[in-house]
$ cat my_file.cif   # mmCIF, C-alpha atoms
data_input
loop_
_atom_site.group_PDB
_atom_site.id
_atom_site.type_symbol
_atom_site.label_atom_id
_atom_site.label_comp_id
_atom_site.auth_asym_id
_atom_site.auth_seq_id
_atom_site.Cartn_x
_atom_site.Cartn_y
_atom_site.Cartn_z
ATOM 1 C CA MET A 30 -36.992 -10.264 171.837
ATOM 2 C CA GLU A 31 -39.521 -7.774 173.213
ATOM 3 C CA ASP A 32 -38.223 -4.729 175.090
ATOM 4 C CA ASN A 33 -40.192 -5.556 178.247
ATOM 5 C CA VAL A 34 -38.521 -9.007 178.366
ATOM 6 C CA ILE A 35 -35.101 -7.392 177.935
ATOM 7 C CA ILE A 36 -35.876 -4.905 180.715
ATOM 8 C CA ASP A 37 -37.012 -7.708 183.007
ATOM 9 C CA LYS A 38 -33.772 -9.609 182.321
ATOM 10 C CA LEU A 39 -31.724 -6.514 183.129
ATOM 11 C CA LEU A 40 -33.715 -5.829 186.281
ATOM 12 C CA SER A 41 -33.050 -9.380 187.448
ATOM 13 C CA ARG A 42 -29.348 -8.733 186.634
ATOM 14 C CA ASP A 43 -29.324 -11.382 183.907
ATOM 15 C CA GLN A 44 -26.231 -10.761 181.719
ATOM 16 C CA SER A 45 -28.071 -12.078 178.642
ATOM 17 C CA GLY A 46 -30.173 -8.884 178.742
ATOM 18 C CA LEU A 47 -27.068 -6.888 177.862
ATOM 19 C CA ASP A 48 -26.324 -9.277 175.014
ATOM 20 C CA GLU A 49 -29.872 -8.737 173.737
ATOM 21 C CA ILE A 50 -29.491 -4.955 173.916
ATOM 22 C CA SER A 51 -26.175 -5.150 172.129
ATOM 23 C CA SER A 52 -27.662 -7.369 169.444
ATOM 24 C CA LYS A 53 -30.892 -5.401 169.005
ATOM 25 C CA TYR A 54 -29.634 -1.835 169.527
ATOM 26 C CA GLY A 55 -25.875 -1.977 168.893
ATOM 27 C CA ARG A 56 -26.134 -0.716 165.334
ATOM 28 C CA LEU A 57 -28.373 2.174 166.402
ATOM 29 C CA ILE A 58 -25.995 3.109 169.222
ATOM 30 C CA ARG A 59 -23.006 3.031 166.846
ATOM 31 C CA SER A 60 -24.911 5.135 164.311
ATOM 32 C CA ILE A 61 -25.753 7.825 166.870
ATOM 33 C CA CYS A 62 -22.227 7.844 168.288
ATOM 34 C CA GLY A 63 -20.650 7.723 164.827
ATOM 35 C CA SER A 64 -22.523 10.845 163.736
ATOM 36 C CA ILE A 65 -20.967 12.729 166.662
ATOM 37 C CA LEU A 66 -17.589 11.058 167.119
ATOM 38 C CA LYS A 67 -15.115 10.551 164.315
ATOM 39 C CA THR A 68 -12.956 7.626 165.413
ATOM 40 C CA PRO A 69 -14.112 4.000 165.591
ATOM 41 C CA GLN A 70 -12.278 3.617 168.900
ATOM 42 C CA ASP A 71 -14.312 6.417 170.474
ATOM 43 C CA VAL A 72 -17.543 4.983 169.083
ATOM 44 C CA GLU A 73 -16.724 1.560 170.527
ATOM 45 C CA GLU A 74 -15.790 3.051 173.894
ATOM 46 C CA VAL A 75 -19.007 5.059 174.092
ATOM 47 C CA GLU A 76 -21.070 2.044 172.984
ATOM 48 C CA ASN A 77 -19.673 0.127 175.970
ATOM 49 C CA ASP A 78 -20.398 3.114 178.238
ATOM 50 C CA VAL A 79 -23.987 3.164 176.975
ATOM 51 C CA LEU A 80 -24.459 -0.538 177.736
ATOM 52 C CA LEU A 81 -23.095 -0.005 181.243
ATOM 53 C CA ALA A 82 -25.310 3.069 181.747
ATOM 54 C CA VAL A 83 -28.395 1.091 180.685
ATOM 55 C CA TRP A 84 -27.394 -1.767 183.008
ATOM 56 C CA ASP A 85 -26.916 0.626 185.944
ATOM 57 C CA GLY A 86 -29.759 3.015 185.072
ATOM 58 C CA LEU A 87 -32.494 0.421 185.026
ATOM 59 C CA ARG A 88 -32.081 -0.034 188.782
ATOM 60 C CA SER A 89 -33.779 3.316 189.344
ATOM 61 C CA VAL A 90 -35.792 3.859 186.139
ATOM 62 C CA LYS A 91 -37.992 1.544 184.103
ATOM 63 C CA PRO A 92 -38.353 3.377 180.776
ATOM 64 C CA GLU A 93 -41.603 3.198 178.835
ATOM 65 C CA ASN A 94 -39.660 3.468 175.580
ATOM 66 C CA LEU A 95 -36.409 1.493 175.699
ATOM 67 C CA THR A 96 -35.318 2.681 172.241
ATOM 68 C CA GLY A 97 -35.679 6.348 173.212
ATOM 69 C CA TYR A 98 -33.969 5.720 176.537
ATOM 70 C CA ILE A 99 -30.988 4.095 174.817
ATOM 71 C CA CYS A 100 -30.812 6.797 172.124
ATOM 72 C CA LYS A 101 -30.800 9.554 174.731
ATOM 73 C CA ILE A 102 -28.017 7.900 176.699
ATOM 74 C CA ALA A 103 -25.993 7.260 173.520
ATOM 75 C CA ARG A 104 -26.278 10.860 172.364
ATOM 76 C CA CYS A 105 -25.405 12.297 175.789
ATOM 77 C CA ARG A 106 -22.419 9.985 176.231
ATOM 78 C CA ALA A 107 -21.143 10.735 172.717
ATOM 79 C CA ILE A 108 -21.388 14.483 173.345
ATOM 80 C CA ASP A 109 -19.584 14.044 176.669
ATOM 81 C CA LYS A 110 -16.813 12.146 174.856
ATOM 82 C CA LEU A 111 -16.643 14.849 172.169
ATOM 83 C CA ARG A 112 -16.331 17.520 174.853
ATOM 84 C CA TYR A 113 -13.627 15.515 176.563
ATOM 85 C CA ASN A 114 -11.724 15.028 173.302
ATOM 86 C CA THR A 115 -11.943 18.688 172.340
ATOM 87 C CA ALA A 116 -11.537 20.329 175.742
ATOM 88 C CA ALA A 117 -8.272 22.026 174.749
ATOM 89 C CA ALA A 118 -9.742 23.378 171.524
ATOM 90 C CA ARG A 119 -13.205 24.327 172.798
ATOM 91 C CA ASN A 120 -12.980 27.925 171.610
ATOM 92 C CA SER A 121 -13.162 26.772 168.001
ATOM 93 C CA ASP A 122 -15.517 23.862 168.636
ATOM 94 C CA LEU A 123 -19.151 23.762 167.531
ATOM 95 C CA LEU A 124 -20.219 23.170 171.135
ATOM 96 C CA THR A 125 -19.333 26.762 172.015
ATOM 97 C CA GLU A 126 -21.755 27.958 169.343
ATOM 98 C CA LEU A 127 -24.604 26.729 171.519
ATOM 99 C CA ASP A 128 -22.925 27.760 174.772
ATOM 100 C CA GLU A 129 -23.486 31.400 173.856
ATOM 101 C CA CYS A 130 -27.273 30.987 173.859
ATOM 102 C CA LEU A 131 -27.776 28.453 176.659
ATOM 103 C CA PRO A 132 -28.286 29.663 180.213
ATOM 104 C CA SER A 133 -25.114 30.344 182.139
ATOM 105 C CA GLY A 134 -24.652 28.052 185.085
ATOM 106 C CA TYR A 135 -26.802 25.391 183.443
ATOM 107 C CA SER A 136 -26.274 22.153 185.324
ATOM 108 C CA PRO A 137 -27.151 18.905 183.522
ATOM 109 C CA GLU A 138 -27.418 17.237 186.930
ATOM 110 C CA ASP A 139 -30.401 19.401 187.852
ATOM 111 C CA GLU A 140 -33.135 17.230 186.326
ATOM 112 C CA MET A 141 -36.021 19.688 186.775
ATOM 113 C CA GLU A 142 -34.106 22.492 185.113
ATOM 114 C CA LYS A 143 -33.014 20.150 182.338
ATOM 115 C CA GLU A 144 -36.594 19.057 181.654
ATOM 116 C CA GLU A 145 -37.813 22.662 181.595
ATOM 117 C CA LEU A 146 -35.003 23.704 179.256
ATOM 118 C CA SER A 147 -35.791 20.751 177.006
ATOM 119 C CA ARG A 148 -39.473 21.717 176.901
ATOM 120 C CA VAL A 149 -38.648 25.344 176.053
ATOM 121 C CA LEU A 150 -36.092 24.315 173.395
ATOM 122 C CA ASN A 151 -38.673 22.043 171.743
ATOM 123 C CA GLU A 152 -41.275 24.813 171.911
ATOM 124 C CA TRP A 153 -38.852 27.242 170.245
ATOM 125 C CA LEU A 154 -37.814 24.711 167.612
ATOM 126 C CA LYS A 155 -41.447 24.014 166.665
ATOM 127 C CA SER A 156 -41.892 27.736 166.036
ATOM 128 C CA GLN A 157 -39.150 27.642 163.373
ATOM 129 C CA SER A 158 -39.663 26.831 159.701
ATOM 130 C CA ASP A 159 -39.057 23.274 158.506
ATOM 131 C CA LYS A 160 -35.885 24.472 156.766
ATOM 132 C CA HIS A 161 -34.528 26.067 159.942
ATOM 133 C CA GLN A 162 -35.489 23.028 162.030
ATOM 134 C CA ARG A 163 -33.533 20.856 159.603
ATOM 135 C CA ILE A 164 -30.461 23.132 159.654
ATOM 136 C CA PHE A 165 -30.507 23.343 163.459
ATOM 137 C CA GLY A 166 -31.052 19.599 163.869
ATOM 138 C CA LEU A 167 -28.299 18.621 161.451
ATOM 139 C CA ARG A 168 -25.777 20.946 163.062
ATOM 140 C CA TYR A 169 -26.568 20.599 166.752
ATOM 141 C CA PHE A 170 -28.292 17.228 167.095
ATOM 142 C CA LYS A 171 -26.521 15.147 164.466
ATOM 143 C CA MET A 172 -23.321 17.215 164.861
ATOM 144 C CA CYS A 173 -22.841 17.608 161.100
ATOM 145 C CA SER A 174 -20.254 20.107 159.936
ATOM 146 C CA VAL A 175 -21.399 23.340 158.275
ATOM 147 C CA LYS A 176 -20.246 21.883 154.955
ATOM 148 C CA GLU A 177 -22.277 18.678 155.466
ATOM 149 C CA THR A 178 -25.311 20.695 156.591
ATOM 150 C CA ALA A 179 -25.049 22.952 153.550
ATOM 151 C CA LYS A 180 -24.813 19.990 151.205
ATOM 152 C CA SER A 181 -27.757 18.227 152.853
ATOM 153 C CA CYS A 182 -29.910 21.375 152.663
ATOM 154 C CA SER A 183 -28.756 22.383 149.157
ATOM 155 C CA MET A 184 -27.414 25.680 150.466
ATOM 156 C CA SER A 185 -24.099 27.484 150.451
ATOM 157 C CA LYS A 186 -21.875 27.276 153.528
ATOM 158 C CA THR A 187 -22.264 31.035 153.983
ATOM 159 C CA ALA A 188 -26.066 30.751 153.956
ATOM 160 C CA VAL A 189 -25.956 27.960 156.540
ATOM 161 C CA THR A 190 -23.526 29.892 158.758
ATOM 162 C CA THR A 191 -25.768 32.968 158.575
ATOM 163 C CA SER A 192 -28.888 30.915 159.317
ATOM 164 C CA LEU A 193 -27.211 29.246 162.294
ATOM 165 C CA ALA A 194 -26.130 32.605 163.733
ATOM 166 C CA ARG A 195 -29.671 33.942 163.371
ATOM 167 C CA LEU A 196 -31.123 30.787 164.904
ATOM 168 C CA ARG A 197 -28.781 31.017 167.903
ATOM 169 C CA ASN A 198 -29.703 34.684 168.394
ATOM 170 C CA SER A 199 -33.395 33.799 168.123
ATOM 171 C CA LEU A 200 -32.986 30.991 170.656
ATOM 172 C CA LYS A 201 -31.097 33.257 173.054
ATOM 173 C CA LYS A 202 -33.827 35.906 172.811
ATOM 174 C CA TYR A 203 -36.495 33.237 173.337
ATOM 175 C CA LEU A 204 -34.717 31.919 176.447
ATOM 176 C CA ILE A 205 -34.275 35.448 177.838
ATOM 177 C CA GLU A 206 -38.005 36.150 177.344
ATOM 178 C CA ARG A 207 -38.826 33.022 179.356
ATOM 179 C CA GLY A 208 -36.412 33.892 182.146
ATOM 180 C CA MET A 209 -34.055 31.009 181.399
ATOM 181 C CA PHE A 210 -31.051 33.118 180.448
ATOM 182 C CA CYS A 211 -29.531 36.087 182.188
ATOM 183 C CA ASP A 212 -27.799 38.470 179.825
#

$ encode --input "my_file.cif" --output "structure tokens"
Amino acid sequence: MEDNVIIDKLLSRDQSGLDEISSKYGRLIRSICGSILKTPQDVEEVENDVLLAVWDGLRSVKPENLTGYICKIARCRAIDKLRYNTAAARNSDLLTELDECLPSGYSPEDEMEKEELSRVLNEWLKSQSDKHQRIFGLRYFKMCSVKETAKSCSMSKTAVTTSLARLRNSLKKYLIERGMFCD
């Protein structure tokens, strides 16, 4: 079924639209969530949250790209669940690695600021080598461990850890230069 037909069904509050999304995009949603979350129960819970978010979100937004819209929601919800699951152990969590170079007081609810930060992050990432883009993407987008990133990039864990530290420092400097981070 075409995405525009699915969107129309959801906008008219037709439950079969959710079934179509689940059928067409369920595997993709589980793949995104599974790369971030480690337990099947969490993946299933977030998949249901994503379906509900799409159902509710289409009241105010009609996305041009339904696949991208669903992927973005899935990734954000999975990261939220990961943060929730690891709240007690955040000091050793990979999420704090990025916290040190993101602007303090950053509020995901502030859509304009979020869009600007996204634009600047993409700009910075494009300025990096293909190798560094891959390392950064595997670690912070796909949430791979340092060991998995090293294996995927045919590097040692030490080399990946060093590269990630340099990338975070580079990103922090880049954000400071653009006035998006106060030291």

$ closest_residue --input "my_file.cif" --among "A:Thr190, A:Ile65, A:Arg88, A:His161" --to "Cys173 (chain A)" --atoms "all atoms listed in the file"
A:Ile65

$ atom_distance --input "my_file.cif" --atom1 "CA of Val79 (chain A)" --atom2 "CA of Leu200 (chain A)"
29.9 Å

$ resolve_selection --input "my_file.cif" --expression "the PyMOL selection byres ((chain A and resi 67-74) around 10)" --output "list in words"
Gly55, Ile58, Arg59, Ser60, Ile61, Cys62, Gly63, Ser64, Ile65, Leu66, Val75, Glu76, Asn77, Asp78, Val79, Ala103, Arg106, Ala107, Lys110, Leu111 and Asn114 of chain A

$ closest_residue --input "my_file.cif" --among "A:Lys53, A:Arg197, A:Lys186, A:Arg104" --to "Leu154 (chain A)" --atoms "only C-alpha atoms"
A:Arg197

$ axis_aligned_box --input "my_file.cif" --around "region 164-173 of chain A" --padding-each-side "8 Å" --output "JSON"
{"center_x": -26.9, "center_y": 19.2, "center_z": 163.4, "size_x": 24.2, "size_y": 24.2, "size_z": 23.4}

$ closest_residue --input "my_file.cif" --among "A:Lys155, A:Arg56, A:Lys171, A:Arg42" --to "Ile108 (chain A)" --atoms "all atoms listed in the file"
A:Lys171

$ atom_distance --input "my_file.cif" --atom1 "CA of Thr191 (chain A)" --atom2 "CA of Ala179 (chain A)"
11.2 Å

$ residues_around --input "my_file.cif" --residues "region 165-167 of chain A" --least-positions-apart "4" --cutoff "9 Å" --atoms "only C-alpha atoms" --output "PDB file with C-alpha atoms, in the coordinates of the input"
ATOM      1  CA  LEU A 154     -37.814  24.711 167.612  1.00  0.00           C
ATOM      2  CA  LYS A 160     -35.885  24.472 156.766  1.00  0.00           C
ATOM      3  CA  HIS A 161     -34.528  26.067 159.942  1.00  0.00           C
ATOM      4  CA  LYS A 171     -26.521  15.147 164.466  1.00  0.00           C
ATOM      5  CA  MET A 172     -23.321  17.215 164.861  1.00  0.00           C
ATOM      6  CA  CYS A 173     -22.841  17.608 161.100  1.00  0.00           C
ATOM      7  CA  SER A 174     -20.254  20.107 159.936  1.00  0.00           C
ATOM      8  CA  VAL A 175     -21.399  23.340 158.275  1.00  0.00           C
ATOM      9  CA  GLU A 177     -22.277  18.678 155.466  1.00  0.00           C
ATOM     10  CA  THR A 178     -25.311  20.695 156.591  1.00  0.00           C
ATOM     11  CA  SER A 181     -27.757  18.227 152.853  1.00  0.00           C
ATOM     12  CA  SER A 192     -28.888  30.915 159.317  1.00  0.00           C
ATOM     13  CA  LEU A 193     -27.211  29.246 162.294  1.00  0.00           C
ATOM     14  CA  LEU A 196     -31.123  30.787 164.904  1.00  0.00           C
TER      15      LEU A 196
END

$ resolve_selection --input "my_file.cif" --expression "the PyMOL selection byres ((chain A and resi 203) around 12)" --output "PyMOL selection string"
chain A and resi 130-132+146+149-154+156-157+196-202+204-211

$ closest_residue --input "my_file.cif" --among "A:Ser183, A:Phe170, A:Ile102, A:Thr96" --to "Ala82 (chain A)" --atoms "all atoms listed in the file"
A:Ile102

$ atom_distance --input "my_file.cif" --atom1 "CA of Val34 (chain A)" --atom2 "CA of Leu81 (chain A)"
18.1 Å

$ resolve_selection --input "my_file.cif" --expression "the PyMOL selection byres ((chain A and resi 35) around 10)" --output "ChimeraX atom specification"
/A:30-34,36-41,43,45-50,95

$ closest_residue --input "my_file.cif" --among "A:Asn94, A:Lys101, A:Thr115, A:Trp84" --to "Ser51 (chain A)" --atoms "only C-alpha atoms"
A:Trp84
